[in-house]
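Engineer: What follows is query-v9.cif; its format and atoms are mmCIF, C-alpha atoms; chains and numbers go by the auth columns.
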```cif
data_final
#
loop_
_atom_site.group_PDB
_atom_site.id
_atom_site.type_symbol
_atom_site.label_atom_id
_atom_site.label_comp_id
_atom_site.label_asym_id
_atom_site.label_seq_id
_atom_site.Cartn_x
_atom_site.Cartn_y
_atom_site.Cartn_z
_atom_site.B_iso_or_equiv
_atom_site.auth_seq_id
_atom_site.auth_asym_id
ATOM 1 C CA MET A 1 8.866 0.548 4.274 0.00 3 Q
ATOM 2 C CA ASP A 2 6.122 -1.268 2.492 0.00 4 Q
ATOM 3 C CA GLY A 3 6.944 -2.176 -1.168 0.00 5 Q
ATOM 4 C CA ASN A 4 4.258 -0.067 -2.798 0.00 6 Q
ATOM 5 C CA MET A 5 6.379 1.983 -5.153 0.00 7 Q
ATOM 6 C CA LEU A 6 4.854 -0.005 -8.047 0.00 8 Q
ATOM 7 C CA TRP A 7 1.306 0.207 -6.722 0.00 9 Q
ATOM 8 C CA PHE A 8 -0.026 2.028 -9.765 0.00 10 Q
ATOM 9 C CA SER A 9 1.620 -0.426 -12.146 0.00 11 Q
ATOM 10 C CA GLY A 10 0.115 -3.276 -10.179 0.00 12 Q
ATOM 11 C CA LEU A 11 -3.313 -1.739 -10.591 0.00 13 Q
ATOM 12 C CA LEU A 12 -2.931 -1.800 -14.352 0.00 14 Q
ATOM 13 C CA LEU A 13 -3.194 -5.581 -14.223 0.00 15 Q
ATOM 14 C CA GLY A 14 -6.865 -5.274 -13.343 0.00 16 Q
ATOM 15 C CA VAL A 15 -8.020 -1.945 -14.790 0.00 17 Q
ATOM 16 C CA GLY A 16 -11.687 -1.916 -15.856 0.00 18 Q
ATOM 17 C CA SER A 17 -14.087 0.616 -17.337 0.00 19 Q
ATOM 18 C CA ARG A 18 -16.124 2.888 -15.086 0.00 20 Q
ATOM 19 C CA GLY A 19 -19.143 2.360 -17.334 0.00 21 Q
ATOM 20 C CA THR A 20 -22.075 4.758 -17.712 0.00 22 Q
ATOM 21 C CA ALA A 21 -23.817 6.114 -14.633 0.00 23 Q
ATOM 22 C CA GLY A 22 -27.218 4.610 -13.891 0.00 24 Q
ATOM 23 C CA LYS A 23 -29.973 6.251 -11.858 0.00 25 Q
ATOM 24 C CA THR A 24 -31.814 4.561 -9.021 0.00 26 Q
ATOM 25 C CA GLY A 25 -34.961 5.801 -7.336 0.00 27 Q
ATOM 26 C CA LEU A 26 -35.434 5.389 -3.591 0.00 28 Q
ATOM 27 C CA GLY A 27 -38.092 2.778 -4.051 0.00 29 Q
ATOM 28 C CA SER A 28 -36.949 1.187 -7.282 0.00 30 Q
ATOM 29 C CA ALA A 29 -34.565 -1.576 -8.199 0.00 31 Q
ATOM 30 C CA PRO A 30 -31.011 -0.535 -9.024 0.00 32 Q
ATOM 31 C CA CYS A 31 -30.259 0.282 -12.645 0.00 33 Q
ATOM 32 C CA SER A 32 -27.266 -1.253 -14.365 0.00 34 Q
ATOM 33 C CA ALA A 33 -24.538 0.264 -16.502 0.00 35 Q
ATOM 34 C CA PRO A 34 -22.579 -1.761 -19.047 0.00 36 Q
ATOM 35 C CA SER A 35 -18.812 -1.957 -18.689 0.00 37 Q
ATOM 36 C CA SER A 36 -16.390 -2.303 -21.596 0.00 38 Q
ATOM 37 C CA SER A 37 -16.496 -6.065 -21.081 0.00 39 Q
ATOM 38 C CA GLY A 38 -20.297 -6.132 -21.471 0.00 40 Q
ATOM 39 C CA VAL A 39 -20.900 -6.961 -17.791 0.00 41 Q
ATOM 40 C CA LEU A 40 -23.733 -5.021 -16.185 0.00 42 Q
ATOM 41 C CA MET A 41 -22.438 -3.023 -13.206 0.00 43 Q
ATOM 42 C CA PRO A 42 -25.345 -1.702 -11.070 0.00 44 Q
ATOM 43 C CA THR A 43 -25.159 1.778 -9.553 0.00 45 Q
ATOM 44 C CA VAL A 44 -26.905 1.919 -6.164 0.00 46 Q
ATOM 45 C CA PRO A 45 -27.017 4.154 -3.063 0.00 47 Q
ATOM 46 C CA LEU A 46 -24.621 3.193 -0.263 0.00 48 Q
ATOM 47 C CA SER A 47 -27.479 2.261 2.092 0.00 49 Q
ATOM 48 C CA HIS A 48 -28.919 -0.150 -0.470 0.00 50 Q
ATOM 49 C CA TYR A 49 -25.485 -1.597 -1.111 0.00 51 Q
ATOM 50 C CA MET A 50 -24.772 -2.185 2.566 0.00 52 Q
ATOM 51 C CA MET A 51 -28.182 -3.802 3.142 0.00 53 Q
ATOM 52 C CA ARG A 52 -28.444 -5.968 0.033 0.00 54 Q
ATOM 53 C CA ASN A 53 -24.880 -6.706 -1.017 0.00 55 Q
ATOM 54 C CA PRO A 54 -22.333 -7.116 1.819 0.00 56 Q
ATOM 55 C CA PRO A 55 -18.879 -6.658 0.224 0.00 57 Q
ATOM 56 C CA SER A 56 -16.963 -9.804 -0.589 0.00 58 Q
ATOM 57 C CA GLY A 57 -13.834 -7.623 -0.377 0.00 59 Q
ATOM 58 C CA VAL A 58 -13.539 -8.445 3.340 0.00 60 Q
ATOM 59 C CA THR A 59 -11.329 -11.342 2.243 0.00 61 Q
ATOM 60 C CA MET A 60 -9.117 -8.859 0.428 0.00 62 Q
ATOM 61 C CA GLY A 61 -8.809 -6.810 3.630 0.00 63 Q
ATOM 62 C CA LEU A 62 -7.679 -9.865 5.565 0.00 64 Q
ATOM 63 C CA LYS A 63 -5.105 -10.631 2.876 0.00 65 Q
ATOM 64 C CA GLU A 64 -3.813 -7.067 3.120 0.00 66 Q
ATOM 65 C CA ALA A 65 -3.293 -7.384 6.868 0.00 67 Q
ATOM 66 C CA ALA A 66 -1.709 -10.821 6.495 0.00 68 Q
ATOM 67 C CA CYS A 67 0.757 -9.653 3.807 0.00 69 Q
ATOM 68 C CA GLU A 68 1.871 -6.606 5.785 0.00 70 Q
ATOM 69 C CA SER A 69 2.330 -8.705 8.914 0.00 71 Q
ATOM 70 C CA LEU A 70 4.283 -11.329 6.983 0.00 72 Q
ATOM 71 C CA TYR A 71 6.732 -8.747 5.594 0.00 73 Q
ATOM 72 C CA HIS A 72 7.608 -7.483 9.044 0.00 74 Q
ATOM 73 C CA LEU A 73 7.681 -10.879 10.731 0.00 75 Q
ATOM 74 C CA VAL A 74 10.177 -12.131 8.136 0.00 76 Q
ATOM 75 C CA ALA A 75 12.230 -8.946 8.474 0.00 77 Q
ATOM 76 C CA ARG A 76 12.309 -9.154 12.290 0.00 78 Q
ATOM 77 C CA TRP A 77 13.241 -12.843 12.076 0.00 79 Q
ATOM 78 C CA GLU A 78 16.103 -11.915 9.753 0.00 80 Q
ATOM 79 C CA GLN A 79 17.226 -9.111 12.049 0.00 81 Q
ATOM 80 C CA LYS A 80 17.451 -11.523 14.984 0.00 82 Q
ATOM 81 C CA THR A 81 18.884 -14.595 13.235 0.00 83 Q
ATOM 82 C CA ARG A 82 20.509 -13.425 9.950 0.00 84 Q
ATOM 83 C CA ARG A 83 19.278 -16.694 8.443 0.00 85 Q
ATOM 84 C CA LEU A 84 18.320 -15.149 5.096 0.00 86 Q
ATOM 85 C CA SER A 85 21.646 -13.350 4.772 0.00 87 Q
ATOM 86 C CA LYS A 86 23.466 -16.592 5.465 0.00 88 Q
ATOM 87 C CA ALA A 87 21.286 -18.544 3.040 0.00 89 Q
ATOM 88 C CA PHE A 88 21.851 -16.053 0.213 0.00 90 Q
ATOM 89 C CA GLY A 89 25.476 -15.392 1.136 0.00 91 Q
ATOM 90 C CA SER A 90 24.903 -11.645 1.370 0.00 92 Q
ATOM 91 C CA PRO A 91 22.485 -9.313 3.175 0.00 93 Q
ATOM 92 C CA TYR A 92 22.033 -7.398 -0.085 0.00 94 Q
ATOM 93 C CA LEU A 93 20.989 -10.493 -2.034 0.00 95 Q
ATOM 94 C CA ALA A 94 18.649 -11.502 0.787 0.00 96 Q
ATOM 95 C CA CYS A 95 17.078 -8.028 0.821 0.00 97 Q
ATOM 96 C CA TYR A 96 16.676 -8.089 -2.977 0.00 98 Q
ATOM 97 C CA ALA A 97 14.964 -11.484 -2.724 0.00 99 Q
ATOM 98 C CA LEU A 98 12.535 -10.257 -0.059 0.00 100 Q
ATOM 99 C CA GLY A 99 11.921 -7.067 -2.037 0.00 101 Q
ATOM 100 C CA GLY A 100 11.138 -9.093 -5.154 0.00 102 Q
ATOM 101 C CA ALA A 101 8.674 -11.235 -3.213 0.00 103 Q
ATOM 102 C CA ILE A 102 7.001 -8.121 -1.820 0.00 104 Q
ATOM 103 C CA LEU A 103 6.661 -6.668 -5.318 0.00 105 Q
ATOM 104 C CA LEU A 104 5.050 -9.836 -6.655 0.00 106 Q
ATOM 105 C CA LEU A 105 2.601 -9.899 -3.752 0.00 107 Q
ATOM 106 C CA ASN A 106 1.830 -6.224 -4.363 0.00 108 Q
ATOM 107 C CA PHE A 107 0.995 -6.879 -8.004 0.00 109 Q
ATOM 108 C CA ALA A 108 -1.365 -9.663 -6.938 0.00 110 Q
ATOM 109 C CA ARG A 109 -2.839 -7.531 -4.157 0.00 111 Q
ATOM 110 C CA SER A 110 -3.506 -4.599 -6.488 0.00 112 Q
ATOM 111 C CA HIS A 111 -5.182 -6.891 -8.993 0.00 113 Q
ATOM 112 C CA CYS A 112 -7.366 -8.438 -6.268 0.00 114 Q
ATOM 113 C CA PHE A 113 -8.268 -4.965 -4.984 0.00 115 Q
ATOM 114 C CA THR A 114 -9.478 -3.942 -8.433 0.00 116 Q
ATOM 115 C CA GLN A 115 -11.393 -7.166 -8.992 0.00 117 Q
ATOM 116 C CA ALA A 116 -13.070 -6.836 -5.592 0.00 118 Q
ATOM 117 C CA MET A 117 -14.299 -3.368 -6.609 0.00 119 Q
ATOM 118 C CA LEU A 118 -15.496 -4.437 -10.058 0.00 120 Q
ATOM 119 C CA SER A 119 -17.452 -7.377 -8.632 0.00 121 Q
ATOM 120 C CA GLN A 120 -19.586 -5.094 -6.432 0.00 122 Q
ATOM 121 C CA PRO A 121 -22.167 -2.342 -7.156 0.00 123 Q
ATOM 122 C CA LYS A 122 -21.170 1.299 -7.507 0.00 124 Q
ATOM 123 C CA MET A 123 -22.048 4.184 -5.200 0.00 125 Q
ATOM 124 C CA GLU A 124 -24.420 6.588 -6.941 0.00 126 Q
ATOM 125 C CA SER A 125 -23.063 9.737 -5.282 0.00 127 Q
ATOM 126 C CA LEU A 126 -19.518 9.033 -6.509 0.00 128 Q
ATOM 127 C CA ASP A 127 -20.385 7.974 -10.047 0.00 129 Q
ATOM 128 C CA ASN A 128 -19.821 11.365 -11.688 0.00 130 Q
ATOM 129 C CA ALA A 129 -17.111 13.350 -13.458 0.00 131 Q
ATOM 130 C CA MET A 130 -16.183 15.515 -10.457 0.00 132 Q
ATOM 131 C CA ALA A 131 -15.564 12.521 -8.205 0.00 133 Q
ATOM 132 C CA TYR A 132 -13.590 10.816 -10.966 0.00 134 Q
ATOM 133 C CA CYS A 133 -11.329 13.874 -11.297 0.00 135 Q
ATOM 134 C CA MET A 134 -10.889 13.950 -7.508 0.00 136 Q
ATOM 135 C CA GLY A 135 -9.803 10.327 -7.651 0.00 137 Q
ATOM 136 C CA LEU A 136 -7.299 11.135 -10.394 0.00 138 Q
ATOM 137 C CA VAL A 137 -5.815 13.926 -8.268 0.00 139 Q
ATOM 138 C CA LEU A 138 -5.461 11.603 -5.274 0.00 140 Q
ATOM 139 C CA LEU A 139 -3.877 8.971 -7.491 0.00 141 Q
ATOM 140 C CA GLY A 140 -1.413 11.524 -8.853 0.00 142 Q
ATOM 141 C CA VAL A 141 -0.464 12.829 -5.396 0.00 143 Q
ATOM 142 C CA GLY A 142 -0.137 9.315 -4.024 0.00 144 Q
ATOM 143 C CA THR A 143 2.048 8.197 -6.912 0.00 145 Q
ATOM 144 C CA LEU A 144 4.262 11.280 -6.421 0.00 146 Q
ATOM 145 C CA PHE A 145 4.817 10.429 -2.746 0.00 147 Q
ATOM 146 C CA VAL A 146 5.404 6.730 -3.396 0.00 148 Q
ATOM 147 C CA LEU A 147 7.877 7.188 -6.264 0.00 149 Q
ATOM 148 C CA SER A 148 9.753 10.092 -4.657 0.00 150 Q
ATOM 149 C CA SER A 149 10.060 8.011 -1.467 0.00 151 Q
ATOM 150 C CA PHE A 150 11.510 5.142 -3.454 0.00 152 Q
ATOM 151 C CA PHE A 151 14.058 7.357 -5.209 0.00 153 Q
ATOM 152 C CA ALA A 152 15.066 8.919 -1.869 0.00 154 Q
ATOM 153 C CA LEU A 153 15.421 5.574 -0.068 0.00 155 Q
ATOM 154 C CA GLY A 154 16.673 3.328 -2.857 0.00 156 Q
ATOM 155 C CA PHE A 155 15.704 -0.319 -3.250 0.00 157 Q
ATOM 156 C CA THR A 156 17.180 -1.600 0.014 0.00 158 Q
ATOM 157 C CA GLY A 157 15.903 1.382 1.983 0.00 159 Q
ATOM 158 C CA THR A 158 12.423 0.804 0.626 0.00 160 Q
ATOM 159 C CA PHE A 159 12.335 -2.942 1.137 0.00 161 Q
ATOM 160 C CA LEU A 160 13.278 -3.246 4.809 0.00 162 Q
ATOM 161 C CA GLY A 161 17.028 -3.139 4.276 0.00 163 Q
ATOM 162 C CA ASP A 162 17.595 -1.785 7.789 0.00 164 Q
ATOM 163 C CA TYR A 163 16.483 -5.179 9.151 0.00 165 Q
ATOM 164 C CA PHE A 164 19.304 -6.725 7.113 0.00 166 Q
ATOM 165 C CA GLY A 165 21.850 -4.327 8.593 0.00 167 Q
ATOM 166 C CA ILE A 166 21.901 -2.180 5.441 0.00 168 Q
ATOM 167 C CA LEU A 167 21.769 1.392 6.732 0.00 169 Q
ATOM 168 C CA LYS A 168 22.225 4.808 5.214 0.00 170 Q
ATOM 169 C CA GLU A 169 24.593 7.332 6.753 0.00 171 Q
ATOM 170 C CA ALA A 170 21.587 8.984 8.389 0.00 172 Q
ATOM 171 C CA ARG A 171 17.804 8.892 8.183 0.00 173 Q
ATOM 172 C CA VAL A 172 16.479 10.474 4.998 0.00 174 Q
ATOM 173 C CA THR A 173 15.034 13.955 5.545 0.00 175 Q
ATOM 174 C CA THR A 174 14.759 15.225 1.955 0.00 176 Q
ATOM 175 C CA PHE A 175 11.487 15.427 0.000 0.00 177 Q
ATOM 176 C CA PRO A 176 9.006 13.866 0.514 0.00 178 Q
ATOM 177 C CA PHE A 177 10.144 13.091 4.067 0.00 179 Q
ATOM 178 C CA SER A 178 10.599 16.823 4.639 0.00 180 Q
ATOM 179 C CA VAL A 179 6.847 17.427 4.243 0.00 181 Q
ATOM 180 C CA LEU A 180 5.330 14.173 5.533 0.00 182 Q
ATOM 181 C CA ASP A 181 6.319 11.325 7.830 0.00 183 Q
ATOM 182 C CA ASN A 182 6.058 7.872 6.246 0.00 184 Q
ATOM 183 C CA PRO A 183 5.165 9.270 2.802 0.00 185 Q
ATOM 184 C CA MET A 184 5.274 5.867 1.115 0.00 186 Q
ATOM 185 C CA TYR A 185 2.553 4.482 3.363 0.00 187 Q
ATOM 186 C CA TRP A 186 0.335 7.554 3.021 0.00 188 Q
ATOM 187 C CA GLY A 187 1.021 7.824 -0.697 0.00 189 Q
ATOM 188 C CA SER A 188 -0.054 4.213 -1.126 0.00 190 Q
ATOM 189 C CA THR A 189 -3.205 4.885 0.906 0.00 191 Q
ATOM 190 C CA ALA A 190 -3.987 7.884 -1.322 0.00 192 Q
ATOM 191 C CA ASN A 191 -3.588 5.610 -4.356 0.00 193 Q
ATOM 192 C CA TYR A 192 -6.084 3.129 -2.964 0.00 194 Q
ATOM 193 C CA LEU A 193 -8.518 5.925 -2.100 0.00 195 Q
ATOM 194 C CA GLY A 194 -8.178 7.591 -5.490 0.00 196 Q
ATOM 195 C CA TRP A 195 -8.680 4.303 -7.313 0.00 197 Q
ATOM 196 C CA ALA A 196 -11.771 3.529 -5.207 0.00 198 Q
ATOM 197 C CA ILE A 197 -13.302 6.950 -5.914 0.00 199 Q
ATOM 198 C CA MET A 198 -12.578 6.655 -9.642 0.00 200 Q
ATOM 199 C CA HIS A 199 -14.542 3.390 -9.618 0.00 201 Q
ATOM 200 C CA ALA A 200 -17.297 4.832 -7.364 0.00 202 Q
ATOM 201 C CA SER A 201 -16.764 1.757 -5.242 0.00 203 Q
ATOM 202 C CA PRO A 202 -18.016 1.345 -1.650 0.00 204 Q
ATOM 203 C CA THR A 203 -15.965 -1.845 -1.491 0.00 205 Q
ATOM 204 C CA GLY A 204 -12.874 0.150 -2.507 0.00 206 Q
ATOM 205 C CA LEU A 205 -13.550 2.724 0.215 0.00 207 Q
ATOM 206 C CA LEU A 206 -13.932 -0.019 2.817 0.00 208 Q
ATOM 207 C CA LEU A 207 -10.704 -1.679 1.710 0.00 209 Q
ATOM 208 C CA THR A 208 -8.917 1.684 1.737 0.00 210 Q
ATOM 209 C CA ALA A 209 -9.929 2.105 5.380 0.00 211 Q
ATOM 210 C CA VAL A 210 -8.543 -1.368 6.107 0.00 212 Q
ATOM 211 C CA VAL A 211 -5.305 -0.467 4.304 0.00 213 Q
ATOM 212 C CA GLY A 212 -5.003 2.745 6.323 0.00 214 Q
ATOM 213 C CA ILE A 213 -5.467 0.897 9.623 0.00 215 Q
ATOM 214 C CA VAL A 214 -2.929 -1.755 8.629 0.00 216 Q
ATOM 215 C CA TYR A 215 -0.417 0.933 7.704 0.00 217 Q
ATOM 216 C CA VAL A 216 -0.923 2.768 11.008 0.00 218 Q
ATOM 217 C CA VAL A 217 -0.192 -0.474 12.859 0.00 219 Q
ATOM 218 C CA ALA A 218 2.879 -1.039 10.646 0.00 220 Q
ATOM 219 C CA ILE A 219 4.139 2.465 11.411 0.00 221 Q
ATOM 220 C CA LEU A 220 3.688 1.946 15.162 0.00 222 Q
ATOM 221 C CA TYR A 221 5.548 -1.355 14.844 0.00 223 Q
ATOM 222 C CA GLU A 222 8.322 -0.138 12.548 0.00 224 Q
ATOM 223 C CA GLU A 223 9.046 3.440 13.619 0.00 225 Q
ATOM 224 C CA PRO A 224 10.548 2.695 17.079 0.00 226 Q
ATOM 225 C CA PHE A 225 12.837 0.062 15.563 0.00 227 Q
ATOM 226 C CA THR A 226 14.079 2.374 12.818 0.00 228 Q
ATOM 227 C CA ALA A 227 14.626 5.234 15.258 0.00 229 Q
ATOM 228 C CA GLU A 228 16.561 2.968 17.621 0.00 230 Q
ATOM 229 C CA ILE A 229 18.931 1.484 15.040 0.00 231 Q
ATOM 230 C CA TYR A 230 19.831 4.923 13.707 0.00 232 Q
ATOM 231 C CA ARG A 231 20.277 6.203 17.281 0.00 233 Q
ATOM 232 C CA GLN A 232 22.694 3.319 17.899 0.00 234 Q
ATOM 233 C CA LYS A 233 24.506 4.040 14.646 0.00 235 Q
ATOM 234 C CA ALA A 234 24.885 7.718 15.566 0.00 236 Q
ATOM 235 C CA ALA A 235 26.157 6.797 19.044 0.00 237 Q
ATOM 236 C CA LYS A 236 28.786 4.444 17.592 0.00 238 Q
ATOM 237 C CA SER A 237 29.934 7.098 15.134 0.00 239 Q
ATOM 238 C CA HIS A 238 30.186 9.663 17.971 0.00 240 Q
ATOM 239 C CA LYS A 239 32.336 7.282 20.041 0.00 241 Q
ATOM 240 C CA ARG A 240 34.688 6.677 17.120 0.00 242 Q
ATOM 241 C CA ASN A 241 35.128 10.416 16.625 0.00 243 Q
#
```
Output the file's structure as structure tokens, nothing else.

Structural biologist:
Amino acid sequence: MDGNMLWFSGLLLGVGSRGTAGKTGLGSAPCSAPSSSGVLMPTVPLSHYMMRNPPSGVTMGLKEAACESLYHLVARWEQKTRRLSKAFGSPYLACYALGGAILLLNFARSHCFTQAMLSQPKMESLDNAMAYCMGLVLLGVGTLFVLSSFFALGFTGTFLGDYFGILKEARVTTFPFSVLDNPMYWGSTANYLGWAIMHASPTGLLLTAVVGIVYVVAILYEEPFTAEIYRQKAAKSHKRN
């Protein structure tokens, strides 16, 4: 599982004000709204934004894909070689070290996500109280799924412990896994989406789409492995009995 159980806390490193909504006519220049830091944040239609201000957050999307790939490449390398377990003297210590690195990268990633949004214009149609409340709801639901997943899996279960040979007795099927497959991934995606809507950010929406695609690829990459190792574990237990 991806280490996003502290996603919301990571976002707090870069929280900014939504500012006051500005109005833009179809043929006029975009108006600007002051943020709490005094920086003018223009509110513009999506079409104007896409034509005049291509999002610099593309770099953030590439970083997201690179980080997720790195986590799994390191974990697969460990599963094949056990080099990290040998270096740390214990698979648990090695898993804790990788988990700590993932958390640090997540804090940095969340901060960069927020800064990418704040550096770009807002979307006029989302810069209102109703959309902000919708974003809060998504953020709440996402946080519920992420945190409940973490408590169900534990630290090693969350941070790729199965690649280190650290397995539970059986795959977790309690809430939130009883209502949704891969709830930590989808909860994290809901957090990104909610945060983007709260900031009325086209850049945030684009990055959320990138995050969702990266997570789908991660699920396709990770799910067969997880299913296989627990199938093997169940088969060994059956033979012993």

Engineer: For atom CA of Ala202 of chain Q and atom CA of His113 of chain Q, quote the distance in Å rounded to one decimal.

Structural biologist: 16.9 Å

Engineer: Quick one: apply the PyMOL selection byres ((chain Q and resi 137) around 12) to the file and drop the selected residues here as an NGL selection string.

Structural biologist: :Q and (128-136 or 138-144 or 192-203 or 206-207)

Engineer: Please write the residues from the selection above to a file, keeping C-alpha atoms, as a PDB file, keeping the file's coordinate frame.

Structural biologist:
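The file below, selection-v2.pdb, is the result:
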```
ATOM      1  CA  LEU Q 128     -19.518   9.033  -6.509  1.00  0.00           C
ATOM      2  CA  ASP Q 129     -20.385   7.974 -10.047  1.00  0.00           C
ATOM      3  CA  ASN Q 130     -19.821  11.365 -11.688  1.00  0.00           C
ATOM      4  CA  ALA Q 131     -17.111  13.350 -13.458  1.00  0.00           C
ATOM      5  CA  MET Q 132     -16.183  15.515 -10.457  1.00  0.00           C
ATOM      6  CA  ALA Q 133     -15.564  12.521  -8.205  1.00  0.00           C
ATOM      7  CA  TYR Q 134     -13.590  10.816 -10.966  1.00  0.00           C
ATOM      8  CA  CYS Q 135     -11.329  13.874 -11.297  1.00  0.00           C
ATOM      9  CA  MET Q 136     -10.889  13.950  -7.508  1.00  0.00           C
ATOM     10  CA  LEU Q 138      -7.299  11.135 -10.394  1.00  0.00           C
ATOM     11  CA  VAL Q 139      -5.815  13.926  -8.268  1.00  0.00           C
ATOM     12  CA  LEU Q 140      -5.461  11.603  -5.274  1.00  0.00           C
ATOM     13  CA  LEU Q 141      -3.877   8.971  -7.491  1.00  0.00           C
ATOM     14  CA  GLY Q 142      -1.413  11.524  -8.853  1.00  0.00           C
ATOM     15  CA  VAL Q 143      -0.464  12.829  -5.396  1.00  0.00           C
ATOM     16  CA  GLY Q 144      -0.137   9.315  -4.024  1.00  0.00           C
ATOM     17  CA  ALA Q 192      -3.987   7.884  -1.322  1.00  0.00           C
ATOM     18  CA  ASN Q 193      -3.588   5.610  -4.356  1.00  0.00           C
ATOM     19  CA  TYR Q 194      -6.084   3.129  -2.964  1.00  0.00           C
ATOM     20  CA  LEU Q 195      -8.518   5.925  -2.100  1.00  0.00           C
ATOM     21  CA  GLY Q 196      -8.178   7.591  -5.490  1.00  0.00           C
ATOM     22  CA  TRP Q 197      -8.680   4.303  -7.313  1.00  0.00           C
ATOM     23  CA  ALA Q 198     -11.771   3.529  -5.207  1.00  0.00           C
ATOM     24  CA  ILE Q 199     -13.302   6.950  -5.914  1.00  0.00           C
ATOM     25  CA  MET Q 200     -12.578   6.655  -9.642  1.00  0.00           C
ATOM     26  CA  HIS Q 201     -14.542   3.390  -9.618  1.00  0.00           C
ATOM     27  CA  ALA Q 202     -17.297   4.832  -7.364  1.00  0.00           C
ATOM     28  CA  SER Q 203     -16.764   1.757  -5.242  1.00  0.00           C
ATOM     29  CA  GLY Q 206     -12.874   0.150  -2.507  1.00  0.00           C
ATOM     30  CA  LEU Q 207     -13.550   2.724   0.215  1.00  0.00           C
TER      31      LEU Q 207
END
```

Engineer: Quick check, in Å to one decimal: how far apart do atom CA of Ser151 of chain Q and atom CA of Ala118 of chain Q lie?

Structural biologist: 27.8 Å

Engineer: Which polymer residues have any atom within 12 Å of an atom of Leu72 of chain Q, counting only C-alpha atoms, with same-chain residues fewer than 2 positions away left out, as a PyMOL selection string?

Structural biologist: chain Q and resi 4+65-70+74-79+100+103-104+107+220

Engineer: Name the residues that the PyMOL selection byres ((chain Q and resi 227) around 12) pulls out of this structure, and write them as a PDB file with C-alpha atoms, in the frame of the given file.

Structural biologist:
```pdb
ATOM      1  CA  MET Q   3       8.866   0.548   4.274  1.00  0.00           C
ATOM      2  CA  HIS Q  74       7.608  -7.483   9.044  1.00  0.00           C
ATOM      3  CA  ALA Q  77      12.230  -8.946   8.474  1.00  0.00           C
ATOM      4  CA  ARG Q  78      12.309  -9.154  12.290  1.00  0.00           C
ATOM      5  CA  GLN Q  81      17.226  -9.111  12.049  1.00  0.00           C
ATOM      6  CA  LEU Q 162      13.278  -3.246   4.809  1.00  0.00           C
ATOM      7  CA  ASP Q 164      17.595  -1.785   7.789  1.00  0.00           C
ATOM      8  CA  TYR Q 165      16.483  -5.179   9.151  1.00  0.00           C
ATOM      9  CA  ALA Q 220       2.879  -1.039  10.646  1.00  0.00           C
ATOM     10  CA  ILE Q 221       4.139   2.465  11.411  1.00  0.00           C
ATOM     11  CA  LEU Q 222       3.688   1.946  15.162  1.00  0.00           C
ATOM     12  CA  TYR Q 223       5.548  -1.355  14.844  1.00  0.00           C
ATOM     13  CA  GLU Q 224       8.322  -0.138  12.548  1.00  0.00           C
ATOM     14  CA  GLU Q 225       9.046   3.440  13.619  1.00  0.00           C
ATOM     15  CA  PRO Q 226      10.548   2.695  17.079  1.00  0.00           C
ATOM     16  CA  THR Q 228      14.079   2.374  12.818  1.00  0.00           C
ATOM     17  CA  ALA Q 229      14.626   5.234  15.258  1.00  0.00           C
ATOM     18  CA  GLU Q 230      16.561   2.968  17.621  1.00  0.00           C
ATOM     19  CA  ILE Q 231      18.931   1.484  15.040  1.00  0.00           C
ATOM     20  CA  TYR Q 232      19.831   4.923  13.707  1.00  0.00           C
ATOM     21  CA  ARG Q 233      20.277   6.203  17.281  1.00  0.00           C
ATOM     22  CA  GLN Q 234      22.694   3.319  17.899  1.00  0.00           C
TER      23      GLN Q 234
END
```

Engineer: So how many Å separate atom CA of Ser121 of chain Q and atom CA of Val218 of chain Q, to one decimal?

Structural biologist: 27.6 Å

Engineer: For the file shown, what are the residues hit by the PyMOL selection byres ((chain Q and resi 175-179) around 8), laid out as a PyMOL selection string?

Structural biologist: chain Q and resi 147+150-151+154+173-174+180-185

Engineer: Please determine, counting only C-alpha atoms, which residue among Q:Met186, Q:Thr205, Q:Glu171, Q:Cys114 has the shortest atom-to-atom distance to Lys238 of chain Q.

Structural biologist: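 When distances to Lys238 of chain Q are compared using only C-alpha atoms, the smallest one comes from Q:Glu171.
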
Engineer: Between Q:Ser92, Q:Thr145, Q:Pro204, Q:Lys235, which residue has the minimum interatomic distance to Ser127 of chain Q, considering only C-alpha atoms?

Structural biologist: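 Closest candidate: Q:Pro204.
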
Engineer: May I ask which of the residues Q:Leu95, Q:Val148, Q:Phe115, Q:Ala237 is the closest one to Val212 of chain Q, counting only C-alpha atoms?

Structural biologist: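 That would be Q:Phe115, the residue with the smallest distance to Val212 of chain Q.
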
Engineer: My list of candidates is Q:Ile168, Q:Leu208, Q:Ala236, Q:Val213. Which is closest to Ala96 of chain Q when distances are computed with all atoms listed in the file?

Structural biologist: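 Nearest candidate to Ala96 of chain Q out of Q:Ile168, Q:Leu208, Q:Ala236, Q:Val213: Q:Ile168.
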
Engineer: Calculated over only C-alpha atoms, which of the candidates Q:Gly214, Q:Gly91, Q:Gly101, Q:Gly189 has the smallest distance to Gly159 of chain Q?

Structural biologist: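 Of Q:Gly214, Q:Gly91, Q:Gly101, Q:Gly189, the one nearest Gly159 of chain Q, counting only C-alpha atoms, is Q:Gly101.
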